[in-house]
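Shown next: upload27.json, given as JSON, C-alpha atoms.
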[["chain", "number", "residue", "atom", "x", "y", "z"],
["A", 1, "MET", "CA", 115.17, 139.58, 27.27],
["A", 2, "GLU", "CA", 115.63, 136.66, 29.65],
["A", 3, "ALA", "CA", 119.27, 137.54, 30.31],
["A", 4, "ALA", "CA", 118.26, 140.99, 31.54],
["A", 5, "THR", "CA", 115.78, 139.56, 34.04],
["A", 6, "ALA", "CA", 118.04, 136.75, 35.32],
["A", 7, "PRO", "CA", 119.96, 138.91, 37.83],
["A", 8, "ALA", "CA", 116.71, 140.39, 39.14],
["A", 9, "ALA", "CA", 115.25, 136.91, 39.59],
["A", 10, "GLY", "CA", 118.41, 135.80, 41.41],
["A", 11, "ALA", "CA", 118.16, 138.78, 43.75],
["A", 12, "GLN", "CA", 114.51, 138.00, 44.47],
["A", 13, "THR", "CA", 115.37, 134.37, 45.23],
["A", 14, "GLU", "CA", 118.19, 135.43, 47.57],
["A", 15, "SER", "CA", 115.83, 137.88, 49.30],
["A", 16, "ARG", "CA", 113.27, 135.11, 49.83],
["A", 17, "VAL", "CA", 115.93, 132.77, 51.20],
["A", 18, "LEU", "CA", 117.21, 135.52, 53.49],
["A", 19, "LEU", "CA", 113.69, 136.11, 54.81],
["A", 20, "THR", "CA", 113.37, 132.44, 55.74],
["A", 21, "LEU", "CA", 116.55, 132.73, 57.84],
["A", 22, "MET", "CA", 115.36, 135.68, 59.91],
["A", 23, "PRO", "CA", 114.50, 135.06, 63.55],
["A", 24, "VAL", "CA", 110.79, 134.80, 64.35],
["A", 25, "GLY", "CA", 108.63, 135.22, 67.43],
["A", 26, "ARG", "CA", 110.45, 135.64, 70.71],
["A", 27, "ASP", "CA", 113.86, 135.32, 69.01],
["A", 28, "ARG", "CA", 113.04, 138.26, 66.74],
["A", 29, "ALA", "CA", 112.14, 140.39, 69.75],
["A", 30, "ILE", "CA", 115.34, 139.44, 71.56],
["A", 31, "VAL", "CA", 117.46, 140.21, 68.49],
["A", 32, "ALA", "CA", 115.71, 143.55, 68.01],
["A", 33, "LEU", "CA", 116.06, 144.57, 71.66],
["A", 34, "ALA", "CA", 119.72, 143.55, 71.86],
["A", 35, "SER", "CA", 120.48, 145.33, 68.57],
["A", 36, "VAL", "CA", 118.84, 148.57, 69.66],
["A", 37, "ALA", "CA", 120.47, 148.42, 73.10],
["A", 38, "LEU", "CA", 123.94, 147.90, 71.63],
["A", 39, "ALA", "CA", 123.45, 150.65, 69.05],
["A", 40, "ILE", "CA", 122.40, 153.06, 71.81],
["A", 41, "CYS", "CA", 125.37, 151.99, 73.95],
["A", 42, "SER", "CA", 127.67, 152.68, 71.02],
["A", 43, "VAL", "CA", 126.40, 156.25, 70.68],
["A", 44, "VAL", "CA", 126.42, 156.83, 74.44],
["A", 45, "ASP", "CA", 129.95, 155.45, 74.86],
["A", 46, "PHE", "CA", 131.57, 157.06, 71.82],
["A", 47, "GLY", "CA", 129.44, 160.15, 71.18],
["A", 48, "ALA", "CA", 129.09, 161.60, 67.72],
["A", 49, "SER", "CA", 132.07, 159.82, 66.16],
["A", 50, "GLY", "CA", 132.98, 157.42, 63.43],
["A", 51, "ARG", "CA", 133.53, 154.68, 66.01],
["A", 52, "ALA", "CA", 129.98, 155.16, 67.30],
["A", 53, "LEU", "CA", 128.63, 154.90, 63.78],
["A", 54, "VAL", "CA", 130.63, 151.71, 63.18],
["A", 55, "GLY", "CA", 129.03, 150.31, 66.36],
["A", 56, "VAL", "CA", 125.55, 151.31, 65.21],
["A", 57, "VAL", "CA", 126.09, 149.22, 62.07],
["A", 58, "LEU", "CA", 128.31, 146.44, 63.42],
["A", 59, "CYS", "CA", 126.59, 145.45, 66.67],
["A", 60, "PRO", "CA", 123.08, 144.84, 65.26],
["A", 61, "VAL", "CA", 124.59, 142.91, 62.36],
["A", 62, "LEU", "CA", 126.58, 140.73, 64.77],
["A", 63, "VAL", "CA", 123.51, 140.05, 66.91],
["A", 64, "LEU", "CA", 121.45, 139.09, 63.86],
["A", 65, "LEU", "CA", 124.20, 136.88, 62.41],
["A", 66, "ALA", "CA", 124.65, 135.12, 65.76],
["A", 67, "ALA", "CA", 120.94, 134.34, 65.91],
["A", 68, "ILE", "CA", 120.87, 133.07, 62.33],
["A", 69, "ASP", "CA", 123.99, 130.95, 62.79],
["A", 70, "LEU", "CA", 122.63, 129.42, 66.00],
["A", 71, "GLN", "CA", 119.39, 128.45, 64.28],
["A", 72, "HIS", "CA", 120.49, 127.61, 60.73],
["A", 73, "ARG", "CA", 124.28, 127.17, 60.80],
["A", 74, "VAL", "CA", 124.80, 129.72, 58.04],
["A", 75, "LEU", "CA", 126.15, 133.27, 57.84],
["A", 76, "PRO", "CA", 124.43, 134.79, 54.79],
["A", 77, "ASN", "CA", 126.32, 136.89, 52.27],
["A", 78, "GLY", "CA", 123.20, 139.05, 51.94],
["A", 79, "ILE", "CA", 123.91, 140.40, 55.43],
["A", 80, "ILE", "CA", 127.70, 140.21, 55.69],
["A", 81, "LEU", "CA", 128.63, 141.83, 52.37],
["A", 82, "PRO", "CA", 126.45, 144.98, 52.73],
["A", 83, "ALA", "CA", 127.75, 145.33, 56.31],
["A", 84, "VAL", "CA", 131.34, 145.10, 55.03],
["A", 85, "LEU", "CA", 130.59, 147.86, 52.52],
["A", 86, "ALA", "CA", 128.92, 150.09, 55.12],
["A", 87, "VAL", "CA", 131.63, 149.60, 57.76],
["A", 88, "GLY", "CA", 134.38, 150.09, 55.19],
["A", 89, "LEU", "CA", 132.87, 153.38, 54.02],
["A", 90, "ILE", "CA", 132.41, 154.59, 57.60],
["A", 91, "VAL", "CA", 135.98, 153.70, 58.62],
["A", 92, "ALA", "CA", 137.41, 155.27, 55.46],
["A", 93, "ALA", "CA", 135.43, 158.48, 55.99],
["A", 94, "ALA", "CA", 135.96, 158.74, 59.75],
["A", 95, "ASP", "CA", 139.64, 157.75, 59.87],
["A", 96, "PRO", "CA", 141.28, 157.89, 56.44],
["A", 97, "ALA", "CA", 144.78, 157.63, 57.94],
["A", 98, "GLY", "CA", 143.86, 154.47, 59.88],
["A", 99, "PHE", "CA", 141.88, 152.77, 57.13],
["A", 100, "LEU", "CA", 144.80, 150.65, 55.92],
["A", 101, "GLU", "CA", 145.33, 149.27, 59.44],
["A", 102, "HIS", "CA", 141.70, 148.19, 59.47],
["A", 103, "LEU", "CA", 141.98, 146.72, 55.98],
["A", 104, "TYR", "CA", 145.14, 144.78, 56.88],
["A", 105, "SER", "CA", 143.43, 143.43, 60.01],
["A", 106, "ALA", "CA", 140.47, 142.35, 57.90],
["A", 107, "LEU", "CA", 142.66, 140.63, 55.33],
["A", 108, "ALA", "CA", 144.76, 138.91, 58.00],
["A", 109, "LEU", "CA", 141.77, 137.49, 59.87],
["A", 110, "PHE", "CA", 140.01, 136.52, 56.65],
["A", 111, "GLY", "CA", 143.16, 134.77, 55.44],
["A", 112, "PHE", "CA", 143.64, 132.90, 58.71],
["A", 113, "LEU", "CA", 140.05, 131.70, 58.84],
["A", 114, "PHE", "CA", 140.01, 130.90, 55.11],
["A", 115, "VAL", "CA", 143.10, 128.69, 55.45],
["A", 116, "PHE", "CA", 141.63, 127.03, 58.53],
["A", 117, "ALA", "CA", 138.36, 126.36, 56.69],
["A", 118, "ALA", "CA", 140.26, 124.90, 53.73],
["A", 119, "VAL", "CA", 142.55, 122.70, 55.84],
["A", 120, "VAL", "CA", 139.91, 121.44, 58.29],
["A", 121, "PRO", "CA", 136.77, 120.68, 56.27],
["A", 122, "GLY", "CA", 133.64, 120.91, 58.38],
["A", 123, "GLY", "CA", 135.43, 122.92, 61.05],
["A", 124, "LEU", "CA", 134.69, 126.43, 59.81],
["A", 125, "GLY", "CA", 132.85, 127.70, 56.78],
["A", 126, "MET", "CA", 133.46, 130.53, 54.37],
["A", 127, "GLY", "CA", 130.82, 132.56, 56.19],
["A", 128, "ASP", "CA", 133.07, 132.54, 59.24],
["A", 129, "ALA", "CA", 135.97, 133.80, 57.11],
["A", 130, "LYS", "CA", 133.81, 136.60, 55.66],
["A", 131, "LEU", "CA", 132.59, 137.50, 59.14],
["A", 132, "GLY", "CA", 136.26, 137.65, 60.13],
["A", 133, "PHE", "CA", 136.83, 140.17, 57.35],
["A", 134, "LEU", "CA", 133.96, 142.29, 58.70],
["A", 135, "LEU", "CA", 135.33, 142.12, 62.25],
["A", 136, "GLY", "CA", 138.84, 143.03, 61.15],
["A", 137, "LEU", "CA", 137.58, 145.95, 59.08],
["A", 138, "ALA", "CA", 135.50, 147.27, 61.97],
["A", 139, "LEU", "CA", 137.93, 146.64, 64.81],
["A", 140, "GLY", "CA", 141.38, 147.25, 63.32],
["A", 141, "SER", "CA", 143.95, 146.79, 66.09],
["A", 142, "ARG", "CA", 141.25, 145.36, 68.40],
["A", 143, "THR", "CA", 140.83, 142.32, 66.12],
["A", 144, "LEU", "CA", 143.30, 140.11, 68.01],
["A", 145, "PRO", "CA", 141.60, 140.64, 71.41],
["A", 146, "ALA", "CA", 138.26, 139.92, 69.71],
["A", 147, "MET", "CA", 139.51, 136.60, 68.40],
["A", 148, "LEU", "CA", 141.11, 135.68, 71.72],
["A", 149, "ALA", "CA", 137.72, 136.24, 73.37],
["A", 150, "THR", "CA", 136.11, 134.24, 70.55],
["A", 151, "PHE", "CA", 138.42, 131.27, 71.00],
["A", 152, "ALA", "CA", 138.07, 131.37, 74.80],
["A", 153, "ALA", "CA", 134.27, 131.46, 74.63],
["A", 154, "SER", "CA", 134.06, 128.68, 72.05],
["A", 155, "PHE", "CA", 136.50, 126.55, 74.08],
["A", 156, "LEU", "CA", 134.37, 126.99, 77.20],
["A", 157, "ALA", "CA", 131.26, 126.09, 75.23],
["A", 158, "ALA", "CA", 132.95, 122.95, 73.91],
["A", 159, "LEU", "CA", 133.97, 121.96, 77.43],
["A", 160, "TRP", "CA", 130.41, 122.52, 78.64],
["A", 161, "ILE", "CA", 129.02, 120.33, 75.86],
["A", 162, "LEU", "CA", 131.53, 117.59, 76.67],
["A", 163, "PHE", "CA", 130.65, 117.84, 80.35],
["A", 164, "ARG", "CA", 126.91, 117.62, 79.67],
["A", 165, "GLN", "CA", 126.93, 115.00, 76.90],
["A", 166, "GLY", "CA", 130.09, 113.01, 77.53],
["A", 167, "LEU", "CA", 132.78, 111.90, 75.13],
["A", 168, "SER", "CA", 130.23, 111.03, 72.45],
["A", 169, "ALA", "CA", 129.86, 114.80, 71.87],
["A", 170, "ARG", "CA", 133.41, 115.03, 70.44],
["A", 171, "LYS", "CA", 132.08, 114.73, 66.89],
["A", 172, "GLN", "CA", 129.38, 117.36, 67.46],
["A", 173, "THR", "CA", 129.85, 120.73, 65.77],
["A", 174, "ILE", "CA", 128.92, 124.10, 67.18],
["A", 175, "PRO", "CA", 128.35, 127.30, 65.21],
["A", 176, "PHE", "CA", 131.36, 129.62, 65.43],
["A", 177, "GLY", "CA", 129.54, 132.82, 64.37],
["A", 178, "PRO", "CA", 127.92, 133.53, 67.75],
["A", 179, "TYR", "CA", 131.31, 133.36, 69.46],
["A", 180, "MET", "CA", 132.83, 135.65, 66.85],
["A", 181, "ALA", "CA", 129.94, 138.05, 67.42],
["A", 182, "LEU", "CA", 130.49, 137.96, 71.18],
["A", 183, "GLY", "CA", 134.22, 138.51, 70.81],
["A", 184, "GLY", "CA", 133.65, 141.34, 68.34],
["A", 185, "ILE", "CA", 131.15, 143.13, 70.57],
["A", 186, "LEU", "CA", 133.38, 142.76, 73.64],
["A", 187, "ALA", "CA", 136.44, 144.07, 71.76],
["A", 188, "PHE", "CA", 134.44, 146.92, 70.26],
["A", 189, "PHE", "CA", 133.27, 148.22, 73.64],
["A", 190, "LEU", "CA", 136.19, 147.21, 75.87],
["A", 191, "GLY", "CA", 139.10, 147.65, 73.45]]
For the file at hand, write its structure as structure tokens.
Amino acid sequence: MEAATAPAAGAQTESRVLLTLMPVGRDRAIVALASVALAICSVVDFGASGRALVGVVLCPVLVLLAAIDLQHRVLPNGIILPAVLAVGLIVAAADPAGFLEHLYSALALFGFLFVFAAVVPGGLGMGDAKLGFLLGLALGSRTLPAMLATFAASFLAALWILFRQGLSARKQTIPFGPYMALGGILAFFLG
């Protein structure tokens, strides 16, 4: 009997942990407003299309993940994995011929970030690699411009931190998820 309830208990524990990561107060309002605004922009820009639906799912998820990563330095599987499933189903249904391109982009970015995380411990985490898979799946051929924007934004942030705090800030880490979210949103709308 205990074995049958163990998965349910694990899911409840993960749900409780996920709730503790959610933005609160003013941050929650900002995340909600930005998410709704980006979802509306997606529908306005792309009409009744699969790309618009991808944006309605992707953009709010990216905003939420950026907020969580800024606050807690974690990108939870409980958000990324359902988003991967939803985006994958939307892309497969809306553009069956282009699905493999999206899948290859997802695998390539995941692989790159996975290897980087493995080679440089403490640099990136597995959440960043999984977020890369989500971005690649959603963006397809626009994945490279998204990552170029990501690297540019994170480089500028690092320079700003060094400028403000001096050379002692070289050992400081910054969350990478918000920059991936920014790059993904820019590539989604401008690509």
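Nearest residue to His102 (chain A), choosing from A:Ser141, A:Ser35, A:Ser168, A:Gln71 and counting only C-alpha atoms: A:Ser141.
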*asked:* Env of Leu156 (chain A): 12 Å cut, atoms = only C-alpha atoms, seq-sep filter 6 positions within chain, self excluded. Answer as a PyMOL selection string.
replied: chain A and resi 149-150+162-163+174+179
*Between CA of Thr143 (chain A) and CA of Gly191 (chain A), what is the distance, to one decimal in Å?*
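Answer for the CA of Thr143 (chain A) to CA of Gly191 (chain A) separation: 9.2 Å.
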*Can you pull out every residue within 12 Å of Val115 (chain A), counting all atoms listed in the file, but drop anything in the same chain fewer than 6 positions away, and send it as a PyMOL selection string?*
chain A and resi 107-109+121+123-126+128-129
*Kindly give the distance, in Å, that separates CA of Ala94 (chain A) and CA of Ala48 (chain A), rounded to a single decimal.*
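Between these atoms lies a distance of 10.9 Å.
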_Separation of CA of Phe189 (chain A) from CA of Ala67 (chain A) in Å_ =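 The value is 20.1 Å.
Among the candidates A:Ala138, A:Asp45, A:Ala37, A:Ser105, the one nearest to Leu85 (chain A) when counting all atoms listed in the file is A:Ala138.
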*Step by step: start from the point (117.5, 133.5, 65.5) in the file's coordinates, keep every protein, DNA or RNA residue that has an atom no farther than 8 Å from it, count only C-alpha atoms, and write the set as a ChimeraX atom specification.*
/A:21-24,27-28,31,64,66-71
Take the residues that were just selected and, keeping C-alpha atoms, output them as a PDB file, in the coordinates of the input.
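Final output, again.pdb:
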ATOM      1  CA  LEU A  21     116.550 132.730  57.840  1.00  0.00           C
ATOM      2  CA  MET A  22     115.360 135.680  59.910  1.00  0.00           C
ATOM      3  CA  PRO A  23     114.500 135.060  63.550  1.00  0.00           C
ATOM      4  CA  VAL A  24     110.790 134.800  64.350  1.00  0.00           C
ATOM      5  CA  ASP A  27     113.860 135.320  69.010  1.00  0.00           C
ATOM      6  CA  ARG A  28     113.040 138.260  66.740  1.00  0.00           C
ATOM      7  CA  VAL A  31     117.460 140.210  68.490  1.00  0.00           C
ATOM      8  CA  LEU A  64     121.450 139.090  63.860  1.00  0.00           C
ATOM      9  CA  ALA A  66     124.650 135.120  65.760  1.00  0.00           C
ATOM     10  CA  ALA A  67     120.940 134.340  65.910  1.00  0.00           C
ATOM     11  CA  ILE A  68     120.870 133.070  62.330  1.00  0.00           C
ATOM     12  CA  ASP A  69     123.990 130.950  62.790  1.00  0.00           C
ATOM     13  CA  LEU A  70     122.630 129.420  66.000  1.00  0.00           C
ATOM     14  CA  GLN A  71     119.390 128.450  64.280  1.00  0.00           C
TER      15      GLN A  71
END
*Using all atoms listed in the file, which of the listed residues (A:Leu65, A:Ala29, A:Ala187, A:Leu131) sits closest to Phe112 (chain A)?*
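Checking each of A:Leu65, A:Ala29, A:Ala187, A:Leu131 against Phe112 (chain A), counting all atoms listed in the file, the winner is A:Leu131.
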_Residues within 12 Å of (130.8, 140.7, 64.2), counting only C-alpha atoms, listed as a VMD selection string_ = chain A and resid 54 to 67 69 75 79 to 80 83 to 84 87 106 127 to 139 143 146 to 147 150 176 to 188
Taking all atoms of region 100-116 of chain A that the file lists and extending 3 Å past them on each side, where is the centre of the axis-aligned box and how long are its edges? Answer in Å to one decimal, as JSON.
{"center_x": 142.7, "center_y": 138.8, "center_z": 57.6, "size_x": 11.3, "size_y": 29.6, "size_z": 10.9}
*asked:* Need to verify the contact set: Gln172 (chain A), 12 Å, all atoms listed in the file, exclusion of same-chain residues closer than 3 positions in sequence. Can you return it as a PyMOL selection string?
replied: chain A and resi 122-123+157-159+161-162+165-169+175
As a PDB file, in the coordinates of the input, the rebuilt region 126-158 of chain A with N, CA and C atoms:
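Saved the output as result.pdb:
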ATOM      1  N   MET A 126     133.058 129.267  54.992  1.00  0.00           N
ATOM      2  CA  MET A 126     133.460 130.530  54.370  1.00  0.00           C
ATOM      3  C   MET A 126     132.721 131.710  54.983  1.00  0.00           C
ATOM      4  N   GLY A 127     131.518 131.481  55.497  1.00  0.00           N
ATOM      5  CA  GLY A 127     130.820 132.560  56.190  1.00  0.00           C
ATOM      6  C   GLY A 127     131.595 133.057  57.382  1.00  0.00           C
ATOM      7  N   ASP A 128     132.243 132.143  58.098  1.00  0.00           N
ATOM      8  CA  ASP A 128     133.070 132.540  59.240  1.00  0.00           C
ATOM      9  C   ASP A 128     134.245 133.393  58.770  1.00  0.00           C
ATOM     10  N   ALA A 129     134.857 133.021  57.649  1.00  0.00           N
ATOM     11  CA  ALA A 129     135.970 133.800  57.110  1.00  0.00           C
ATOM     12  C   ALA A 129     135.501 135.203  56.703  1.00  0.00           C
ATOM     13  N   LYS A 130     134.342 135.279  56.059  1.00  0.00           N
ATOM     14  CA  LYS A 130     133.810 136.600  55.660  1.00  0.00           C
ATOM     15  C   LYS A 130     133.431 137.428  56.874  1.00  0.00           C
ATOM     16  N   LEU A 131     132.880 136.782  57.896  1.00  0.00           N
ATOM     17  CA  LEU A 131     132.590 137.500  59.140  1.00  0.00           C
ATOM     18  C   LEU A 131     133.882 137.992  59.765  1.00  0.00           C
ATOM     19  N   GLY A 132     134.950 137.199  59.653  1.00  0.00           N
ATOM     20  CA  GLY A 132     136.260 137.650  60.130  1.00  0.00           C
ATOM     21  C   GLY A 132     136.722 138.899  59.406  1.00  0.00           C
ATOM     22  N   PHE A 133     136.469 138.963  58.099  1.00  0.00           N
ATOM     23  CA  PHE A 133     136.830 140.170  57.350  1.00  0.00           C
ATOM     24  C   PHE A 133     136.067 141.372  57.895  1.00  0.00           C
ATOM     25  N   LEU A 134     134.767 141.199  58.146  1.00  0.00           N
ATOM     26  CA  LEU A 134     133.960 142.290  58.700  1.00  0.00           C
ATOM     27  C   LEU A 134     134.498 142.728  60.056  1.00  0.00           C
ATOM     28  N   LEU A 135     134.805 141.779  60.925  1.00  0.00           N
ATOM     29  CA  LEU A 135     135.330 142.120  62.250  1.00  0.00           C
ATOM     30  C   LEU A 135     136.653 142.865  62.144  1.00  0.00           C
ATOM     31  N   GLY A 136     137.553 142.364  61.313  1.00  0.00           N
ATOM     32  CA  GLY A 136     138.840 143.030  61.150  1.00  0.00           C
ATOM     33  C   GLY A 136     138.701 144.440  60.621  1.00  0.00           C
ATOM     34  N   LEU A 137     137.811 144.625  59.667  1.00  0.00           N
ATOM     35  CA  LEU A 137     137.580 145.950  59.080  1.00  0.00           C
ATOM     36  C   LEU A 137     137.010 146.905  60.128  1.00  0.00           C
ATOM     37  N   ALA A 138     136.126 146.420  60.959  1.00  0.00           N
ATOM     38  CA  ALA A 138     135.500 147.270  61.970  1.00  0.00           C
ATOM     39  C   ALA A 138     136.408 147.539  63.159  1.00  0.00           C
ATOM     40  N   LEU A 139     137.186 146.541  63.553  1.00  0.00           N
ATOM     41  CA  LEU A 139     137.930 146.640  64.810  1.00  0.00           C
ATOM     42  C   LEU A 139     139.380 147.078  64.646  1.00  0.00           C
ATOM     43  N   GLY A 140     139.982 146.859  63.510  1.00  0.00           N
ATOM     44  CA  GLY A 140     141.380 147.250  63.320  1.00  0.00           C
ATOM     45  C   GLY A 140     142.283 146.559  64.328  1.00  0.00           C
ATOM     46  N   SER A 141     142.987 147.340  65.126  1.00  0.00           N
ATOM     47  CA  SER A 141     143.950 146.790  66.090  1.00  0.00           C
ATOM     48  C   SER A 141     143.266 146.007  67.216  1.00  0.00           C
ATOM     49  N   ARG A 142     141.979 146.114  67.353  1.00  0.00           N
ATOM     50  CA  ARG A 142     141.250 145.360  68.400  1.00  0.00           C
ATOM     51  C   ARG A 142     140.797 143.987  67.886  1.00  0.00           C
ATOM     52  N   THR A 143     141.239 143.601  66.694  1.00  0.00           N
ATOM     53  CA  THR A 143     140.830 142.320  66.120  1.00  0.00           C
ATOM     54  C   THR A 143     141.416 141.145  66.890  1.00  0.00           C
ATOM     55  N   LEU A 144     142.685 141.221  67.277  1.00  0.00           N
ATOM     56  CA  LEU A 144     143.300 140.110  68.010  1.00  0.00           C
ATOM     57  C   LEU A 144     142.597 139.865  69.350  1.00  0.00           C
ATOM     58  N   PRO A 145     142.352 140.899  70.172  1.00  0.00           N
ATOM     59  CA  PRO A 145     141.600 140.640  71.410  1.00  0.00           C
ATOM     60  C   PRO A 145     140.201 140.056  71.139  1.00  0.00           C
ATOM     61  N   ALA A 146     139.575 140.473  70.057  1.00  0.00           N
ATOM     62  CA  ALA A 146     138.260 139.920  69.710  1.00  0.00           C
ATOM     63  C   ALA A 146     138.357 138.433  69.441  1.00  0.00           C
ATOM     64  N   MET A 147     139.375 138.022  68.716  1.00  0.00           N
ATOM     65  CA  MET A 147     139.510 136.600  68.400  1.00  0.00           C
ATOM     66  C   MET A 147     139.955 135.801  69.616  1.00  0.00           C
ATOM     67  N   LEU A 148     140.751 136.389  70.485  1.00  0.00           N
ATOM     68  CA  LEU A 148     141.110 135.680  71.720  1.00  0.00           C
ATOM     69  C   LEU A 148     139.857 135.427  72.556  1.00  0.00           C
ATOM     70  N   ALA A 149     138.988 136.420  72.654  1.00  0.00           N
ATOM     71  CA  ALA A 149     137.720 136.240  73.370  1.00  0.00           C
ATOM     72  C   ALA A 149     136.846 135.199  72.661  1.00  0.00           C
ATOM     73  N   THR A 150     136.865 135.212  71.340  1.00  0.00           N
ATOM     74  CA  THR A 150     136.110 134.240  70.550  1.00  0.00           C
ATOM     75  C   THR A 150     136.573 132.820  70.836  1.00  0.00           C
ATOM     76  N   PHE A 151     137.883 132.621  70.779  1.00  0.00           N
ATOM     77  CA  PHE A 151     138.420 131.270  71.000  1.00  0.00           C
ATOM     78  C   PHE A 151     138.175 130.825  72.439  1.00  0.00           C
ATOM     79  N   ALA A 152     138.313 131.730  73.397  1.00  0.00           N
ATOM     80  CA  ALA A 152     138.070 131.370  74.800  1.00  0.00           C
ATOM     81  C   ALA A 152     136.609 130.971  75.006  1.00  0.00           C
ATOM     82  N   ALA A 153     135.691 131.756  74.462  1.00  0.00           N
ATOM     83  CA  ALA A 153     134.270 131.460  74.630  1.00  0.00           C
ATOM     84  C   ALA A 153     133.882 130.150  73.946  1.00  0.00           C
ATOM     85  N   SER A 154     134.398 129.920  72.745  1.00  0.00           N
ATOM     86  CA  SER A 154     134.060 128.680  72.050  1.00  0.00           C
ATOM     87  C   SER A 154     134.691 127.469  72.737  1.00  0.00           C
ATOM     88  N   PHE A 155     135.866 127.635  73.328  1.00  0.00           N
ATOM     89  CA  PHE A 155     136.500 126.550  74.080  1.00  0.00           C
ATOM     90  C   PHE A 155     135.674 126.207  75.317  1.00  0.00           C
ATOM     91  N   LEU A 156     135.217 127.240  76.026  1.00  0.00           N
ATOM     92  CA  LEU A 156     134.370 126.990  77.200  1.00  0.00           C
ATOM     93  C   LEU A 156     133.058 126.316  76.813  1.00  0.00           C
ATOM     94  N   ALA A 157     132.495 126.724  75.705  1.00  0.00           N
ATOM     95  CA  ALA A 157     131.260 126.090  75.230  1.00  0.00           C
ATOM     96  C   ALA A 157     131.502 124.619  74.889  1.00  0.00           C
ATOM     97  N   ALA A 158     132.629 124.338  74.254  1.00  0.00           N
ATOM     98  CA  ALA A 158     132.950 122.950  73.910  1.00  0.00           C
ATOM     99  C   ALA A 158     133.134 122.112  75.167  1.00  0.00           C
TER     100      ALA A 158
END
